[in-house]
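Undergrad: As input, take query.cif (mmCIF, N, CA and C atoms and all ligand atoms):
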data_coords
loop_
_atom_site.label_atom_id
_atom_site.label_comp_id
_atom_site.auth_asym_id
_atom_site.auth_seq_id
_atom_site.Cartn_x
_atom_site.Cartn_y
_atom_site.Cartn_z
N MET A 27 0.82 -1.21 0.00
CA MET A 27 0.00 0.00 0.00
C MET A 27 0.86 1.26 0.00
N ILE A 28 1.85 1.33 0.93
CA ILE A 28 2.66 2.55 0.94
C ILE A 28 3.64 2.52 -0.23
N GLY A 29 3.91 3.71 -0.73
CA GLY A 29 4.83 3.84 -1.87
C GLY A 29 6.13 4.50 -1.43
N ARG A 30 6.51 5.52 -2.15
CA ARG A 30 7.80 6.15 -1.90
C ARG A 30 7.82 6.89 -0.57
N LEU A 31 9.04 7.02 -0.03
CA LEU A 31 9.25 7.92 1.10
C LEU A 31 9.17 9.33 0.55
N ASN A 32 8.20 10.11 1.01
CA ASN A 32 8.07 11.48 0.50
C ASN A 32 9.00 12.44 1.23
N HIS A 33 8.99 12.36 2.56
CA HIS A 33 9.93 13.20 3.32
C HIS A 33 10.11 12.68 4.74
N ILE A 34 11.16 13.19 5.36
CA ILE A 34 11.40 13.00 6.80
C ILE A 34 11.33 14.40 7.40
N ALA A 35 10.56 14.54 8.47
CA ALA A 35 10.38 15.85 9.10
C ALA A 35 11.20 15.93 10.38
N ILE A 36 11.89 17.04 10.53
CA ILE A 36 12.74 17.28 11.71
C ILE A 36 12.25 18.55 12.39
N ALA A 37 11.90 18.44 13.67
CA ALA A 37 11.52 19.62 14.45
C ALA A 37 12.80 20.33 14.87
N VAL A 38 12.81 21.65 14.68
CA VAL A 38 14.04 22.42 14.95
C VAL A 38 13.75 23.56 15.92
N PRO A 39 14.66 23.81 16.87
CA PRO A 39 14.43 24.88 17.83
C PRO A 39 14.78 26.27 17.29
N ASP A 40 15.57 26.33 16.21
CA ASP A 40 15.98 27.63 15.64
C ASP A 40 15.94 27.47 14.12
N LEU A 41 14.87 28.01 13.52
CA LEU A 41 14.66 27.77 12.08
C LEU A 41 15.76 28.43 11.24
N ASP A 42 16.11 29.67 11.56
CA ASP A 42 17.12 30.37 10.76
C ASP A 42 18.47 29.65 10.81
N ALA A 43 18.82 29.20 12.02
CA ALA A 43 20.10 28.49 12.17
C ALA A 43 20.08 27.18 11.38
N SER A 44 18.92 26.50 11.38
CA SER A 44 18.83 25.22 10.68
C SER A 44 18.89 25.42 9.16
N ILE A 45 18.23 26.48 8.68
CA ILE A 45 18.27 26.79 7.24
C ILE A 45 19.72 27.04 6.82
N LYS A 46 20.40 27.84 7.61
CA LYS A 46 21.80 28.19 7.31
C LYS A 46 22.67 26.93 7.33
N GLN A 47 22.43 26.07 8.31
CA GLN A 47 23.23 24.86 8.42
C GLN A 47 23.03 23.94 7.21
N TYR A 48 21.76 23.76 6.80
CA TYR A 48 21.51 22.89 5.65
C TYR A 48 22.06 23.50 4.37
N LYS A 49 21.94 24.85 4.24
CA LYS A 49 22.45 25.50 3.03
C LYS A 49 23.97 25.50 2.99
N GLU A 50 24.55 26.00 4.07
CA GLU A 50 25.99 26.29 4.02
C GLU A 50 26.83 25.11 4.47
N THR A 51 26.46 24.49 5.58
CA THR A 51 27.30 23.41 6.10
C THR A 51 27.09 22.13 5.31
N LEU A 52 25.82 21.83 5.02
CA LEU A 52 25.52 20.57 4.34
C LEU A 52 25.37 20.75 2.82
N GLY A 53 25.34 22.00 2.36
CA GLY A 53 25.32 22.25 0.92
C GLY A 53 24.06 21.77 0.22
N ALA A 54 22.90 21.90 0.88
CA ALA A 54 21.65 21.42 0.29
C ALA A 54 20.88 22.56 -0.38
N ILE A 55 19.90 22.17 -1.19
CA ILE A 55 19.00 23.14 -1.82
C ILE A 55 17.81 23.32 -0.88
N VAL A 56 17.68 24.52 -0.31
CA VAL A 56 16.70 24.77 0.75
C VAL A 56 15.64 25.73 0.23
N GLY A 57 14.37 25.38 0.42
CA GLY A 57 13.26 26.24 -0.03
C GLY A 57 13.00 27.37 0.96
N ASP A 58 11.97 28.17 0.65
CA ASP A 58 11.59 29.28 1.52
C ASP A 58 10.63 28.77 2.61
N PRO A 59 10.67 29.39 3.81
CA PRO A 59 9.73 29.00 4.86
C PRO A 59 8.28 29.25 4.42
N GLN A 60 7.40 28.30 4.73
CA GLN A 60 5.95 28.46 4.45
C GLN A 60 5.22 28.27 5.77
N ASP A 61 4.30 29.20 6.06
CA ASP A 61 3.46 29.04 7.25
C ASP A 61 2.28 28.15 6.92
N GLU A 62 2.02 27.18 7.78
CA GLU A 62 0.88 26.26 7.61
C GLU A 62 0.00 26.38 8.85
N PRO A 63 -0.86 27.44 8.89
CA PRO A 63 -1.65 27.67 10.10
C PRO A 63 -2.57 26.50 10.46
N ASN A 64 -3.05 25.73 9.48
CA ASN A 64 -3.93 24.59 9.79
C ASN A 64 -3.20 23.48 10.52
N HIS A 65 -1.88 23.47 10.42
CA HIS A 65 -1.09 22.43 11.09
C HIS A 65 -0.25 22.99 12.23
N GLY A 66 -0.30 24.31 12.44
CA GLY A 66 0.45 24.92 13.54
C GLY A 66 1.96 24.87 13.35
N VAL A 67 2.40 24.94 12.11
CA VAL A 67 3.84 24.84 11.84
C VAL A 67 4.28 25.80 10.74
N THR A 68 5.54 26.17 10.81
CA THR A 68 6.22 26.77 9.66
C THR A 68 7.11 25.67 9.11
N VAL A 69 7.07 25.45 7.81
CA VAL A 69 7.86 24.37 7.22
C VAL A 69 8.85 24.92 6.20
N VAL A 70 9.96 24.23 6.11
CA VAL A 70 10.97 24.52 5.08
C VAL A 70 11.32 23.19 4.44
N PHE A 71 11.21 23.11 3.12
CA PHE A 71 11.56 21.88 2.45
C PHE A 71 12.96 21.94 1.88
N ILE A 72 13.64 20.84 2.04
CA ILE A 72 15.00 20.69 1.51
C ILE A 72 14.94 19.55 0.51
N ASN A 73 15.29 19.85 -0.72
CA ASN A 73 15.22 18.82 -1.76
C ASN A 73 16.52 18.05 -1.84
N LEU A 74 16.42 16.75 -1.67
CA LEU A 74 17.56 15.85 -1.86
C LEU A 74 17.29 15.06 -3.14
N PRO A 75 18.30 14.42 -3.71
CA PRO A 75 18.06 13.70 -4.96
C PRO A 75 16.98 12.62 -4.86
N ASN A 76 16.85 11.97 -3.70
CA ASN A 76 15.90 10.86 -3.62
C ASN A 76 14.72 11.10 -2.68
N THR A 77 14.73 12.19 -1.94
CA THR A 77 13.60 12.48 -1.05
C THR A 77 13.69 13.93 -0.60
N LYS A 78 12.88 14.29 0.38
CA LYS A 78 12.92 15.65 0.92
C LYS A 78 13.07 15.58 2.44
N ILE A 79 13.61 16.64 2.98
CA ILE A 79 13.61 16.85 4.43
C ILE A 79 12.70 18.04 4.68
N GLU A 80 11.89 17.94 5.73
CA GLU A 80 10.96 19.01 6.09
C GLU A 80 11.38 19.52 7.45
N LEU A 81 11.84 20.76 7.52
CA LEU A 81 12.15 21.34 8.83
C LEU A 81 10.85 21.92 9.37
N LEU A 82 10.55 21.64 10.64
CA LEU A 82 9.30 22.08 11.27
C LEU A 82 9.62 23.00 12.43
N TYR A 83 8.90 24.10 12.47
CA TYR A 83 9.08 25.06 13.55
C TYR A 83 7.68 25.48 14.03
N PRO A 84 7.49 25.67 15.35
CA PRO A 84 6.14 25.98 15.84
C PRO A 84 5.58 27.27 15.25
N LEU A 85 4.27 27.24 14.97
CA LEU A 85 3.54 28.43 14.52
C LEU A 85 2.28 28.53 15.37
N GLY A 86 2.11 29.65 16.06
CA GLY A 86 0.91 29.85 16.87
C GLY A 86 1.00 29.18 18.23
N LYS A 87 -0.07 29.36 19.01
CA LYS A 87 -0.06 28.95 20.42
C LYS A 87 -0.21 27.44 20.61
N ASN A 88 -1.00 26.78 19.76
CA ASN A 88 -1.27 25.36 19.99
C ASN A 88 -0.52 24.46 19.03
N SER A 89 0.70 24.85 18.71
CA SER A 89 1.45 24.06 17.75
C SER A 89 1.81 22.69 18.33
N PRO A 90 1.63 21.62 17.55
CA PRO A 90 2.06 20.30 18.02
C PRO A 90 3.58 20.21 18.19
N ILE A 91 4.29 21.15 17.61
CA ILE A 91 5.75 21.10 17.69
C ILE A 91 6.28 21.66 19.02
N THR A 92 5.48 22.52 19.65
CA THR A 92 5.93 23.11 20.92
C THR A 92 6.22 22.03 21.96
N ASN A 93 5.26 21.11 22.16
CA ASN A 93 5.46 20.01 23.11
C ASN A 93 6.65 19.15 22.75
N PHE A 94 6.75 18.87 21.47
CA PHE A 94 7.85 18.02 21.00
C PHE A 94 9.19 18.65 21.34
N LEU A 95 9.29 19.97 21.13
CA LEU A 95 10.57 20.65 21.40
C LEU A 95 10.82 20.78 22.90
N GLU A 96 9.74 20.80 23.70
CA GLU A 96 9.95 20.81 25.15
C GLU A 96 10.59 19.49 25.59
N LYS A 97 10.15 18.40 24.97
CA LYS A 97 10.71 17.08 25.31
C LYS A 97 12.06 16.85 24.64
N ASN A 98 12.27 17.51 23.51
CA ASN A 98 13.51 17.32 22.73
C ASN A 98 14.09 18.70 22.41
N PRO A 99 14.71 19.33 23.40
CA PRO A 99 15.13 20.74 23.20
C PRO A 99 16.13 20.96 22.07
N SER A 100 16.88 19.94 21.68
CA SER A 100 17.81 20.14 20.55
C SER A 100 17.14 19.86 19.22
N GLY A 101 15.85 19.51 19.24
CA GLY A 101 15.16 19.11 18.01
C GLY A 101 15.21 17.60 17.86
N GLY A 102 14.64 17.10 16.79
CA GLY A 102 14.66 15.65 16.56
C GLY A 102 13.75 15.27 15.41
N ILE A 103 13.85 14.00 15.01
CA ILE A 103 12.98 13.51 13.94
C ILE A 103 11.55 13.48 14.47
N HIS A 104 10.64 14.12 13.76
CA HIS A 104 9.25 14.26 14.22
C HIS A 104 8.33 13.26 13.54
N HIS A 105 8.44 13.12 12.22
CA HIS A 105 7.62 12.12 11.51
C HIS A 105 8.27 11.75 10.19
N ILE A 106 7.77 10.64 9.62
CA ILE A 106 8.17 10.28 8.27
C ILE A 106 6.91 10.19 7.43
N CYS A 107 7.05 10.53 6.16
CA CYS A 107 5.87 10.60 5.29
C CYS A 107 6.01 9.64 4.13
N TYR A 108 5.03 8.73 4.04
CA TYR A 108 4.96 7.78 2.93
C TYR A 108 3.87 8.21 1.97
N GLU A 109 4.09 7.95 0.70
CA GLU A 109 3.05 8.23 -0.30
C GLU A 109 2.10 7.05 -0.42
N VAL A 110 0.83 7.37 -0.64
CA VAL A 110 -0.18 6.35 -0.97
C VAL A 110 -0.93 6.86 -2.20
N SER A 111 -1.51 5.91 -2.97
CA SER A 111 -2.19 6.35 -4.19
C SER A 111 -3.61 6.82 -3.90
N ASN A 112 -4.23 6.28 -2.85
CA ASN A 112 -5.60 6.69 -2.51
C ASN A 112 -5.70 6.78 -0.99
N ILE A 113 -5.80 7.98 -0.49
CA ILE A 113 -5.69 8.16 0.97
C ILE A 113 -6.93 7.64 1.69
N ILE A 114 -8.08 7.71 1.08
CA ILE A 114 -9.31 7.22 1.74
C ILE A 114 -9.27 5.70 1.84
N LYS A 115 -8.86 5.04 0.75
CA LYS A 115 -8.73 3.57 0.79
C LYS A 115 -7.69 3.16 1.82
N ALA A 116 -6.57 3.89 1.85
CA ALA A 116 -5.51 3.58 2.81
C ALA A 116 -6.04 3.74 4.24
N ARG A 117 -6.75 4.84 4.49
CA ARG A 117 -7.29 5.09 5.82
C ARG A 117 -8.25 3.97 6.24
N ASP A 118 -9.16 3.62 5.33
CA ASP A 118 -10.17 2.62 5.68
C ASP A 118 -9.52 1.26 5.96
N LYS A 119 -8.49 0.91 5.19
CA LYS A 119 -7.79 -0.35 5.44
C LYS A 119 -7.10 -0.32 6.81
N LEU A 120 -6.45 0.82 7.11
CA LEU A 120 -5.76 0.93 8.40
C LEU A 120 -6.74 0.84 9.56
N ILE A 121 -7.87 1.52 9.45
CA ILE A 121 -8.87 1.48 10.53
C ILE A 121 -9.38 0.05 10.69
N SER A 122 -9.60 -0.63 9.57
CA SER A 122 -10.13 -2.00 9.65
C SER A 122 -9.12 -2.94 10.30
N GLU A 123 -7.84 -2.56 10.30
CA GLU A 123 -6.82 -3.39 10.93
C GLU A 123 -6.46 -2.88 12.33
N GLY A 124 -7.21 -1.92 12.81
CA GLY A 124 -7.05 -1.49 14.20
C GLY A 124 -6.13 -0.31 14.42
N ALA A 125 -5.60 0.28 13.36
CA ALA A 125 -4.71 1.43 13.53
C ALA A 125 -5.55 2.68 13.82
N ARG A 126 -4.97 3.59 14.57
CA ARG A 126 -5.67 4.83 14.92
C ARG A 126 -5.17 5.98 14.05
N ILE A 127 -6.14 6.78 13.57
CA ILE A 127 -5.83 7.97 12.78
C ILE A 127 -5.92 9.16 13.73
N LEU A 128 -4.96 10.07 13.67
CA LEU A 128 -5.02 11.24 14.56
C LEU A 128 -6.05 12.25 14.07
N GLY A 129 -6.56 13.05 15.01
CA GLY A 129 -7.50 14.12 14.67
C GLY A 129 -8.85 13.56 14.27
N SER A 130 -9.52 14.24 13.36
CA SER A 130 -10.89 13.88 12.99
C SER A 130 -10.95 12.61 12.14
N GLY A 131 -9.83 12.16 11.61
CA GLY A 131 -9.83 11.02 10.71
C GLY A 131 -10.06 11.42 9.26
N GLU A 132 -10.36 12.69 9.04
CA GLU A 132 -10.53 13.18 7.66
C GLU A 132 -9.21 13.79 7.21
N PRO A 133 -8.81 13.54 5.95
CA PRO A 133 -7.56 14.12 5.46
C PRO A 133 -7.59 15.65 5.50
N LYS A 134 -6.44 16.23 5.81
CA LYS A 134 -6.26 17.68 5.72
C LYS A 134 -5.33 17.94 4.54
N ILE A 135 -5.34 19.17 4.06
CA ILE A 135 -4.41 19.51 2.99
C ILE A 135 -3.06 19.85 3.62
N GLY A 136 -2.03 19.14 3.18
CA GLY A 136 -0.70 19.30 3.77
C GLY A 136 0.12 20.37 3.07
N ALA A 137 1.39 20.40 3.41
CA ALA A 137 2.29 21.45 2.94
C ALA A 137 2.52 21.42 1.42
N HIS A 138 2.23 20.29 0.78
CA HIS A 138 2.39 20.24 -0.69
C HIS A 138 1.07 20.47 -1.41
N GLY A 139 0.02 20.84 -0.66
CA GLY A 139 -1.28 21.03 -1.30
C GLY A 139 -2.00 19.72 -1.58
N LEU A 140 -1.56 18.63 -0.97
CA LEU A 140 -2.16 17.31 -1.20
C LEU A 140 -2.74 16.80 0.12
N PRO A 141 -3.73 15.89 0.05
CA PRO A 141 -4.34 15.40 1.28
C PRO A 141 -3.38 14.54 2.11
N VAL A 142 -3.39 14.78 3.42
CA VAL A 142 -2.53 14.02 4.33
C VAL A 142 -3.32 13.56 5.55
N LEU A 143 -2.82 12.49 6.17
CA LEU A 143 -3.33 11.97 7.44
C LEU A 143 -2.15 11.58 8.29
N PHE A 144 -2.34 11.58 9.61
CA PHE A 144 -1.29 11.12 10.51
C PHE A 144 -1.79 9.91 11.29
N LEU A 145 -0.91 8.94 11.48
CA LEU A 145 -1.26 7.69 12.19
C LEU A 145 -0.66 7.72 13.59
N HIS A 146 -1.36 7.10 14.52
CA HIS A 146 -0.93 7.16 15.92
C HIS A 146 0.44 6.48 16.09
N PRO A 147 1.41 7.20 16.68
CA PRO A 147 2.75 6.61 16.80
C PRO A 147 2.78 5.33 17.64
N LYS A 148 1.85 5.20 18.60
CA LYS A 148 1.89 3.98 19.44
C LYS A 148 1.52 2.74 18.64
N ASP A 149 0.88 2.92 17.50
CA ASP A 149 0.54 1.77 16.65
C ASP A 149 1.66 1.42 15.68
N PHE A 150 2.69 2.28 15.59
CA PHE A 150 3.74 2.08 14.59
C PHE A 150 5.14 2.27 15.20
N ASN A 151 5.42 1.49 16.23
CA ASN A 151 6.78 1.45 16.81
C ASN A 151 7.27 2.81 17.30
N GLY A 152 6.34 3.62 17.77
CA GLY A 152 6.77 4.91 18.30
C GLY A 152 7.07 5.93 17.23
N CYS A 153 6.71 5.63 15.99
CA CYS A 153 7.03 6.53 14.88
C CYS A 153 5.76 7.19 14.37
N LEU A 154 5.73 8.51 14.38
CA LEU A 154 4.59 9.23 13.80
C LEU A 154 4.70 9.14 12.28
N ILE A 155 3.65 8.61 11.67
CA ILE A 155 3.64 8.42 10.21
C ILE A 155 2.62 9.36 9.58
N GLU A 156 3.05 10.07 8.56
CA GLU A 156 2.16 10.88 7.74
C GLU A 156 1.94 10.12 6.43
N LEU A 157 0.71 10.07 5.98
CA LEU A 157 0.43 9.52 4.65
C LEU A 157 0.03 10.69 3.76
N GLU A 158 0.59 10.72 2.56
CA GLU A 158 0.23 11.78 1.61
C GLU A 158 -0.23 11.12 0.32
N GLU A 159 -1.35 11.61 -0.21
CA GLU A 159 -1.83 11.06 -1.47
C GLU A 159 -0.95 11.59 -2.60
N ALA A 160 -0.30 10.67 -3.29
CA ALA A 160 0.63 11.07 -4.34
C ALA A 160 -0.16 11.56 -5.56
N THR A 161 0.49 12.37 -6.38
CA THR A 161 -0.23 12.98 -7.50
C THR A 161 -0.49 12.01 -8.64
N LYS A 162 0.25 10.93 -8.73
CA LYS A 162 -0.05 9.99 -9.81
C LYS A 162 -0.16 8.58 -9.27
CO CO A 201 5.27 16.11 6.82
#
What's the structure tokens form of this structure?

TA:
Amino acid sequence: MIGRLNHIAIAVPDLDASIKQYKETLGAIVGDPQDEPNHGVTVVFINLPNTKIELLYPLGKNSPITNFLEKNPSGGIHHICYEVSNIIKARDKLISEGARILGSGEPKIGAHGLPVLFLHPKDFNGCLIELEEATK
């Protein structure tokens, strides 16, 4: 069911410092910060030849990243995102197998303008998984 790894998301305590580090120290191609108020985050995408890295920084008062950074003050891997061809079919299969979907269970539009869902980390080895409906 899952397809390509779309991205790995890293929560960062200092967005400007992280952008500079990826650009200058690691020599990566780094996009511009985008605010995602529906998800409570500012995101920066870094394009690698085979996948993307998503830097996450808290946006607003109820950001899910704030708690994460309190527990992980230096930052850390926050989630990984797999592509699926049909997010509703994927969701229904996961629910039928006992997996929990975070939030309302309805897909939200993610940072790429495509529908996404998050799966409960306790059902997947402590790993927060994002599913994104791929464009083809
Ligand atoms: Co993501």

Undergrad: Do you know which residues are at most 8 Å from Asn98 (chain A) counting only N, CA and C atoms, after dropping those on the same chain fewer than 5 positions away, and could you put them as a ChimeraX atom specification?

TA: /A:37,39,92-93

Undergrad: For each of A:Glu123, A:Ser44, A:Leu128, A:Pro90, take the minimum atom-to-atom distance to Pro147 (chain A), counting all atoms listed in the file, then give the residue where this is smallest.

TA: A:Leu128

Undergrad: Counting all atoms listed in the file, what are the residues of chain A within 7 Å of ligand CO 201 (chain A), and for each of them which pair of atoms is the nearest and at what distance in Å, to one decimal? Sort the table by chain and rising number, as CSV.

TA:
residue,atom,partner,partner_atom,distance
A:His33,C,A:CO201,CO,6.3
A:Ile34,C,A:CO201,CO,6.3
A:Ala35,CA,A:CO201,CO,5.6
A:Glu80,CA,A:CO201,CO,6.4
A:His105,C,A:CO201,CO,6.3
A:Ile106,C,A:CO201,CO,6.2
A:Cys107,CA,A:CO201,CO,5.7
A:Ala137,N,A:CO201,CO,6.7
A:Glu156,CA,A:CO201,CO,6.2

Undergrad: Would you mind writing down, as a PyMOL selection string, each residue of chain A that DSSP on the backbone assigns to strand (DSSP E or B)?

TA: chain A and resi 31-37+55-56+60-62+67-73+78-84+102-110+127+134-135+141-145+155-159

Undergrad: Quote the spacing between atom C of Tyr108 (chain A) and atom C of Leu82 (chain A) in Å to one decimal place.

TA: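 So the two atoms, atom C of Tyr108 (chain A) and atom C of Leu82 (chain A), lie 19.0 Å apart.
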
Undergrad: Quick check, in Å to one decimal: how far apart do CA of Glu158 (chain A) and CA of Thr68 (chain A) lie?

TA: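 Interatomic distance here is 18.0 Å.
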
Undergrad: Find the axis-aligned box for region 56-62 of chain A, covering all its listed atoms and adding 5 Å on each side, and write its centre and edge lengths in Å to one decimal as lines of an AutoDock Vina configuration file.

TA:
center_x = 8.8
center_y = 27.0
center_z = 4.3
size_x = 27.7
size_y = 14.9
size_z = 19.2

Undergrad: What does the distance between atom N of Gly29 (chain A) and atom C of Asn64 (chain A) come to in Å, to one decimal place?

TA: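 It comes out at 23.8 Å.
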
Undergrad: Neighbours of Val67 (chain A) within 6.5 Å (only N, CA and C atoms; same-chain residues fewer than 2 positions away dropped), as an mmCIF file with N, CA and C atoms, in the frame of the given file?

TA:
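Everything below was put into around-v2.cif:
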data_model
loop_
_atom_site.group_PDB
_atom_site.id
_atom_site.type_symbol
_atom_site.label_atom_id
_atom_site.label_comp_id
_atom_site.auth_asym_id
_atom_site.auth_seq_id
_atom_site.Cartn_x
_atom_site.Cartn_y
_atom_site.Cartn_z
ATOM 1 N N GLN A 60 7.400 28.300 4.730
ATOM 2 C CA GLN A 60 5.950 28.460 4.450
ATOM 3 C C GLN A 60 5.220 28.270 5.770
ATOM 4 N N ASP A 61 4.300 29.200 6.060
ATOM 5 C CA ASP A 61 3.460 29.040 7.250
ATOM 6 C C ASP A 61 2.280 28.150 6.920
ATOM 7 N N GLU A 62 2.020 27.180 7.780
ATOM 8 C CA GLU A 62 0.880 26.260 7.610
ATOM 9 C C GLU A 62 0.000 26.380 8.850
ATOM 10 N N PRO A 63 -0.860 27.440 8.890
ATOM 11 C CA PRO A 63 -1.650 27.670 10.100
ATOM 12 C C PRO A 63 -2.570 26.500 10.460
ATOM 13 N N ASN A 64 -3.050 25.730 9.480
ATOM 14 C CA ASN A 64 -3.930 24.590 9.790
ATOM 15 C C ASN A 64 -3.200 23.480 10.520
ATOM 16 N N HIS A 65 -1.880 23.470 10.420
ATOM 17 C CA HIS A 65 -1.090 22.430 11.090
ATOM 18 C C HIS A 65 -0.250 22.990 12.230
ATOM 19 N N VAL A 69 7.070 25.450 7.810
ATOM 20 C CA VAL A 69 7.860 24.370 7.220
ATOM 21 C C VAL A 69 8.850 24.920 6.200
ATOM 22 N N LEU A 82 10.550 21.640 10.640
ATOM 23 C CA LEU A 82 9.300 22.080 11.270
ATOM 24 C C LEU A 82 9.620 23.000 12.430
ATOM 25 N N TYR A 83 8.900 24.100 12.470
ATOM 26 C CA TYR A 83 9.080 25.060 13.550
ATOM 27 C C TYR A 83 7.680 25.480 14.030
ATOM 28 N N PRO A 84 7.490 25.670 15.350
ATOM 29 C CA PRO A 84 6.140 25.980 15.840
ATOM 30 C C PRO A 84 5.580 27.270 15.250
ATOM 31 N N LEU A 85 4.270 27.240 14.970
ATOM 32 C CA LEU A 85 3.540 28.430 14.520
ATOM 33 C C LEU A 85 2.280 28.530 15.370
ATOM 34 N N GLY A 86 2.110 29.650 16.060
ATOM 35 C CA GLY A 86 0.910 29.850 16.870
ATOM 36 C C GLY A 86 1.000 29.180 18.230
ATOM 37 N N SER A 89 0.700 24.850 18.710
ATOM 38 C CA SER A 89 1.450 24.060 17.750
ATOM 39 C C SER A 89 1.810 22.690 18.330
ATOM 40 N N PRO A 90 1.630 21.620 17.550
ATOM 41 C CA PRO A 90 2.060 20.300 18.020
ATOM 42 C C PRO A 90 3.580 20.210 18.190
#

Undergrad: Where in region 95-130 of chain A does DSSP assign alpha helix (DSSP H), given as a ChimeraX atom specification?

TA: /A:95-97,113-122

Undergrad: Restricting the calculation to all atoms listed in the file: of A:Ala160, A:Leu52, A:Leu41, A:Ile36, which residue gets closest to Pro141 (chain A)?

TA: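 Among the listed residues, the smallest separation from Pro141 (chain A) belongs to A:Ala160.
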
Undergrad: So that I can see what lies close to Leu157 (chain A), please list as a list in words the residues with an atom at most 5 Å from it, counting all atoms listed in the file and leaving out residues fewer than 4 positions away in the same chain.

TA: Tyr108, Val142, Leu143 and Phe144 of chain A

Undergrad: Name the residues, using the chain letters and numbers of the file, that sit within 6.5 Å of (2.9, 7.4, -5.0) when counting all atoms listed in the file, and give them as a VMD selection string.

TA: chain A and resid 29 to 30 109 to 111 159 to 162
